[in-house]
>>> print(open('upload-v7.pdb').read())   # PDB, C-alpha atoms, pLDDT in the B column
ATOM      1  CA  MET A   1     -39.532 -27.143  -7.878  1.00 48.00           C
ATOM      2  CA  GLN A   2     -36.704 -28.938  -6.069  1.00 52.00           C
ATOM      3  CA  ARG A   3     -35.476 -30.596  -9.241  1.00 54.00           C
ATOM      4  CA  ALA A   4     -35.160 -27.226 -11.019  1.00 52.00           C
ATOM      5  CA  PHE A   5     -33.227 -25.814  -8.054  1.00 47.00           C
ATOM      6  CA  ALA A   6     -30.677 -28.679  -7.817  1.00 47.00           C
ATOM      7  CA  PRO A   7     -28.778 -27.877 -11.077  1.00 48.00           C
ATOM      8  CA  VAL A   8     -28.427 -24.238 -10.012  1.00 46.00           C
ATOM      9  CA  VAL A   9     -26.928 -25.293  -6.661  1.00 45.00           C
ATOM     10  CA  ALA A  10     -24.595 -27.774  -8.375  1.00 45.00           C
ATOM     11  CA  LEU A  11     -23.454 -25.098 -10.826  1.00 43.00           C
ATOM     12  CA  GLY A  12     -22.798 -22.710  -7.941  1.00 46.00           C
ATOM     13  CA  LEU A  13     -20.645 -25.308  -6.186  1.00 42.00           C
ATOM     14  CA  VAL A  14     -18.560 -25.751  -9.333  1.00 41.00           C
ATOM     15  CA  PHE A  15     -17.653 -22.043  -9.409  1.00 42.00           C
ATOM     16  CA  LEU A  16     -17.223 -21.640  -5.651  1.00 42.00           C
ATOM     17  CA  PRO A  17     -13.616 -22.922  -5.463  1.00 43.00           C
ATOM     18  CA  GLY A  18     -12.517 -20.211  -7.918  1.00 43.00           C
ATOM     19  CA  CYS A  19     -13.875 -17.544  -5.600  1.00 45.00           C
ATOM     20  CA  GLY A  20     -11.669 -18.707  -2.762  1.00 40.00           C
ATOM     21  CA  ALA A  21      -8.536 -18.468  -4.897  1.00 39.00           C
ATOM     22  CA  SER A  22      -9.124 -14.819  -5.753  1.00 43.00           C
ATOM     23  CA  THR A  23      -9.767 -13.969  -2.137  1.00 54.00           C
ATOM     24  CA  SER A  24      -6.568 -15.640  -0.947  1.00 63.00           C
ATOM     25  CA  SER A  25      -4.329 -13.944  -3.533  1.00 73.00           C
ATOM     26  CA  ASP A  26      -5.958 -10.595  -2.818  1.00 83.00           C
ATOM     27  CA  GLY A  27      -5.526 -11.367   0.874  1.00 85.00           C
ATOM     28  CA  ALA A  28      -1.746 -11.527   0.501  1.00 88.00           C
ATOM     29  CA  VAL A  29      -1.681  -8.066  -1.091  1.00 90.00           C
ATOM     30  CA  ARG A  30      -4.033  -6.759   1.581  1.00 90.00           C
ATOM     31  CA  THR A  31      -1.827  -8.172   4.346  1.00 91.00           C
ATOM     32  CA  THR A  32       1.272  -6.569   2.813  1.00 91.00           C
ATOM     33  CA  LEU A  33      -0.571  -3.239   2.591  1.00 91.00           C
ATOM     34  CA  GLU A  34      -1.633  -3.462   6.239  1.00 92.00           C
ATOM     35  CA  ARG A  35       1.903  -4.344   7.366  1.00 92.00           C
ATOM     36  CA  GLY A  36       3.392  -1.488   5.370  1.00 92.00           C
ATOM     37  CA  VAL A  37       0.935   1.015   6.830  1.00 93.00           C
ATOM     38  CA  ALA A  38       1.721  -0.275  10.330  1.00 92.00           C
ATOM     39  CA  GLN A  39       5.436   0.222   9.626  1.00 92.00           C
ATOM     40  CA  ILE A  40       4.828   3.822   8.564  1.00 91.00           C
ATOM     41  CA  ARG A  41       2.885   4.472  11.767  1.00 90.00           C
ATOM     42  CA  ALA A  42       5.412   2.769  14.056  1.00 88.00           C
ATOM     43  CA  PRO A  43       7.914   5.059  15.756  1.00 89.00           C
ATOM     44  CA  GLN A  44      11.315   4.344  14.249  1.00 87.00           C
ATOM     45  CA  ALA A  45      14.309   6.021  12.688  1.00 89.00           C
ATOM     46  CA  GLU A  46      13.849   7.143   9.113  1.00 90.00           C
ATOM     47  CA  ASN A  47      16.706   4.882   7.983  1.00 89.00           C
ATOM     48  CA  GLN A  48      14.821   1.886   9.346  1.00 92.00           C
ATOM     49  CA  LEU A  49      11.561   3.044   7.778  1.00 92.00           C
ATOM     50  CA  HIS A  50      13.369   3.405   4.449  1.00 92.00           C
ATOM     51  CA  ASP A  51      14.560  -0.208   4.663  1.00 93.00           C
ATOM     52  CA  HIS A  52      11.093  -1.459   5.661  1.00 93.00           C
ATOM     53  CA  LEU A  53       9.467   0.373   2.752  1.00 93.00           C
ATOM     54  CA  VAL A  54      11.965  -1.077   0.267  1.00 94.00           C
ATOM     55  CA  ARG A  55      11.107  -4.596   1.480  1.00 94.00           C
ATOM     56  CA  THR A  56       7.361  -3.849   1.420  1.00 93.00           C
ATOM     57  CA  LEU A  57       7.602  -2.630  -2.173  1.00 94.00           C
ATOM     58  CA  ALA A  58       9.516  -5.760  -3.172  1.00 93.00           C
ATOM     59  CA  HIS A  59       6.784  -7.935  -1.618  1.00 92.00           C
ATOM     60  CA  LEU A  60       4.004  -6.009  -3.350  1.00 92.00           C
ATOM     61  CA  ARG A  61       5.705  -6.213  -6.713  1.00 92.00           C
ATOM     62  CA  SER A  62       6.109  -9.981  -6.399  1.00 91.00           C
ATOM     63  CA  GLU A  63       2.492 -10.598  -5.358  1.00 90.00           C
ATOM     64  CA  ARG A  64      -0.387 -10.939  -7.783  1.00 90.00           C
ATOM     65  CA  ALA A  65      -4.009 -10.065  -7.179  1.00 86.00           C
ATOM     66  CA  SER A  66      -6.747 -11.822  -9.075  1.00 85.00           C
ATOM     67  CA  SER A  67      -9.786  -9.577  -8.656  1.00 89.00           C
ATOM     68  CA  THR A  68     -10.255  -6.175 -10.244  1.00 89.00           C
ATOM     69  CA  ASN A  69     -10.318  -4.436  -6.867  1.00 89.00           C
ATOM     70  CA  GLY A  70      -7.255  -6.388  -5.785  1.00 89.00           C
ATOM     71  CA  ARG A  71      -5.271  -5.374  -8.864  1.00 91.00           C
ATOM     72  CA  ARG A  72      -6.361  -1.761  -8.474  1.00 93.00           C
ATOM     73  CA  GLY A  73      -5.484  -1.806  -4.775  1.00 92.00           C
ATOM     74  CA  ARG A  74      -2.071  -3.352  -5.483  1.00 93.00           C
ATOM     75  CA  THR A  75      -1.284  -0.683  -8.088  1.00 93.00           C
ATOM     76  CA  LEU A  76      -2.359   2.108  -5.744  1.00 95.00           C
ATOM     77  CA  ALA A  77      -0.382   0.590  -2.866  1.00 94.00           C
ATOM     78  CA  ILE A  78       2.769   0.407  -4.992  1.00 94.00           C
ATOM     79  CA  ARG A  79       2.332   4.041  -5.997  1.00 96.00           C
ATOM     80  CA  GLY A  80       1.665   5.016  -2.380  1.00 95.00           C
ATOM     81  CA  PHE A  81       4.681   3.234  -0.929  1.00 94.00           C
ATOM     82  CA  THR A  82       6.879   4.552  -3.754  1.00 96.00           C
ATOM     83  CA  SER A  83       5.814   8.149  -3.059  1.00 95.00           C
ATOM     84  CA  THR A  84       6.250   7.638   0.670  1.00 94.00           C
ATOM     85  CA  LEU A  85       9.724   6.228   0.054  1.00 95.00           C
ATOM     86  CA  ARG A  86      10.589   9.306  -2.018  1.00 94.00           C
ATOM     87  CA  GLY A  87       9.410  11.515   0.843  1.00 93.00           C
ATOM     88  CA  ILE A  88      11.535   9.602   3.345  1.00 93.00           C
ATOM     89  CA  ASP A  89      14.510   9.887   0.972  1.00 92.00           C
ATOM     90  CA  ALA A  90      13.994  13.658   0.806  1.00 89.00           C
ATOM     91  CA  ARG A  91      13.953  13.848   4.608  1.00 89.00           C
ATOM     92  CA  LEU A  92      17.127  11.783   4.830  1.00 89.00           C
ATOM     93  CA  GLU A  93      18.780  13.949   2.186  1.00 85.00           C
ATOM     94  CA  MET A  94      17.772  17.072   4.056  1.00 82.00           C
ATOM     95  CA  ALA A  95      19.379  15.769   7.234  1.00 79.00           C
ATOM     96  CA  ARG A  96      22.569  14.660   5.456  1.00 80.00           C
ATOM     97  CA  ASN A  97      23.317  17.425   2.995  1.00 75.00           C
ATOM     98  CA  ASP A  98      21.479  20.604   3.829  1.00 62.00           C
ATOM     99  CA  SER A  99      22.920  21.652   7.178  1.00 66.00           C
ATOM    100  CA  GLY A 100      23.599  25.351   6.900  1.00 72.00           C
ATOM    101  CA  ASN A 101      21.995  25.718   3.468  1.00 75.00           C
ATOM    102  CA  LEU A 102      18.558  27.170   4.097  1.00 78.00           C
ATOM    103  CA  GLU A 103      17.380  27.167   0.470  1.00 80.00           C
ATOM    104  CA  ALA A 104      18.246  23.514  -0.049  1.00 78.00           C
ATOM    105  CA  SER A 105      16.623  22.585   3.277  1.00 80.00           C
ATOM    106  CA  VAL A 106      13.396  24.330   2.330  1.00 83.00           C
ATOM    107  CA  ARG A 107      13.398  22.681  -1.101  1.00 85.00           C
ATOM    108  CA  ASP A 108      13.918  19.215   0.390  1.00 83.00           C
ATOM    109  CA  ALA A 109      11.299  19.828   3.089  1.00 87.00           C
ATOM    110  CA  ARG A 110       8.724  20.832   0.476  1.00 91.00           C
ATOM    111  CA  ARG A 111       9.566  17.798  -1.642  1.00 92.00           C
ATOM    112  CA  ALA A 112       9.296  15.512   1.392  1.00 92.00           C
ATOM    113  CA  ASP A 113       5.907  16.937   2.389  1.00 93.00           C
ATOM    114  CA  ARG A 114       4.579  16.722  -1.165  1.00 95.00           C
ATOM    115  CA  ASP A 115       5.683  13.103  -1.619  1.00 95.00           C
ATOM    116  CA  LEU A 116       4.495  12.000   1.833  1.00 94.00           C
ATOM    117  CA  ARG A 117       1.106  13.643   1.267  1.00 94.00           C
ATOM    118  CA  ARG A 118       0.803  12.006  -2.155  1.00 96.00           C
ATOM    119  CA  GLY A 119       1.825   8.640  -0.722  1.00 95.00           C
ATOM    120  CA  ALA A 120      -0.785   8.885   2.032  1.00 94.00           C
ATOM    121  CA  ARG A 121      -3.505   9.658  -0.545  1.00 95.00           C
ATOM    122  CA  PHE A 122      -2.548   6.631  -2.660  1.00 95.00           C
ATOM    123  CA  LEU A 123      -2.390   4.359   0.390  1.00 95.00           C
ATOM    124  CA  ARG A 124      -5.831   5.496   1.575  1.00 94.00           C
ATOM    125  CA  ALA A 125      -7.199   4.803  -1.930  1.00 94.00           C
ATOM    126  CA  ALA A 126      -5.553   1.358  -1.881  1.00 93.00           C
ATOM    127  CA  GLY A 127      -7.147   0.708   1.496  1.00 93.00           C
ATOM    128  CA  ARG A 128     -10.559   1.637   0.110  1.00 93.00           C
ATOM    129  CA  ALA A 129     -10.070  -0.884  -2.716  1.00 91.00           C
ATOM    130  CA  PHE A 130      -9.626  -3.601  -0.047  1.00 90.00           C
ATOM    131  CA  GLY A 131     -12.284  -2.257   2.304  1.00 90.00           C
ATOM    132  CA  ILE A 132      -9.743  -0.985   4.858  1.00 90.00           C
ATOM    133  CA  SER A 133     -10.016   2.409   6.474  1.00 89.00           C
ATOM    134  CA  ILE A 134      -6.569   4.030   6.553  1.00 90.00           C
ATOM    135  CA  GLY A 135      -6.655   7.332   8.345  1.00 86.00           C
ATOM    136  CA  LYS A 136      -3.803   9.744   8.790  1.00 86.00           C
ATOM    137  CA  LEU A 137      -0.287   8.494   8.211  1.00 82.00           C
ATOM    138  CA  ASN A 138       2.154  10.427  10.377  1.00 76.00           C
ATOM    139  CA  GLY A 139       0.230  13.660   9.980  1.00 76.00           C
ATOM    140  CA  PHE A 140      -0.625  13.294   6.282  1.00 77.00           C
TER     141      PHE A 140
END
>>> encode(input="upload-v7.pdb", output="structure tokens")
Amino acid sequence: MQRAFAPVVALGLVFLPGCGASTSSDGAVRTTLERGVAQIRAPQAENQLHDHLVRTLAHLRSERASSTNGRRGRTLAIRGFTSTLRGIDARLEMARNDSGNLEASVRDARRADRDLRRGARFLRAAGRAFGISIGKLNGF
């Protein structure tokens, strides 16, 4: 019985190093996702948040995930941070250009809410792909 079990254990040890590599590359994407979510939650000026999100997106785009869930989570995270960035841009545009123009302010506010809500949904889905629970993100 022991002799039949030994080749199975040896075969398992051969494939074990490959498992660690996928976890570490997925771990980098997961860490970037967690940092980006923490930046969204941190109290800061929207200009600063805009800059942080641009850097987070650049990191995510340069990282590679090796597992199926990791690749799916990376794609969802990129979509989530991109939508969130669009929402922040709409808020910044509203503050810069729409003073005194009620119609334009309402349009930009709706666009900001829509994009921030969409971004939060994508980021929660990305979190689920990595086994992270991401609750509300600044009310969305």
>>> residues_around(input="upload-v7.pdb", residues="segment 76-93 of chain A", least_positions_apart="6", cutoff="7 Å", atoms="all atoms listed in the file", output="number ranges by chain")
A: 33, 46, 50, 53, 57, 60, 108-109, 111-113, 115-116, 118-120, 122-123, 125-126
>>> closest_residue(input="upload-v7.pdb", among="A:Asn69, A:Thr56, A:Asn97, A:Ser133", to="Asp26 of chain A", atoms="all atoms listed in the file")
A:Asn69
>>> closest_residue(input="upload-v7.pdb", among="A:Val37, A:Ile132, A:Gly139, A:Thr32", to="Ala58 of chain A", atoms="only C-alpha atoms")
A:Thr32
>>> atom_distance(input="upload-v7.pdb", atom1="atom CA of Arg121 of chain A", atom2="atom CA of Gly27 of chain A")
21.2 Å
>>> resolve_selection(input="upload-v7.pdb", expression="the PyMOL selection byres ((chain A and resi 68) around 12)", output="list in words")
Ser22, Thr23, Ser25, Asp26, Arg64, Ala65, Ser66, Ser67, Asn69, Gly70, Arg71, Arg72, Gly73, Arg74, Thr75, Ala129 and Phe130 of chain A
>>> closest_residue(input="upload-v7.pdb", among="A:Leu137, A:Ile40, A:Leu102, A:Ala28", to="His52 of chain A", atoms="all atoms listed in the file")
A:Ile40
>>> closest_residue(input="upload-v7.pdb", among="A:Arg30, A:Arg128, A:Gly36, A:Glu103", to="Leu49 of chain A", atoms="all atoms listed in the file")
A:Gly36
>>> atom_distance(input="upload-v7.pdb", atom1="atom CA of Gln48 of chain A", atom2="atom CA of Arg117 of chain A")
19.8 Å
>>> atom_distance(input="upload-v7.pdb", atom1="atom CA of Asn138 of chain A", atom2="atom CA of Arg61 of chain A")
24.1 Å
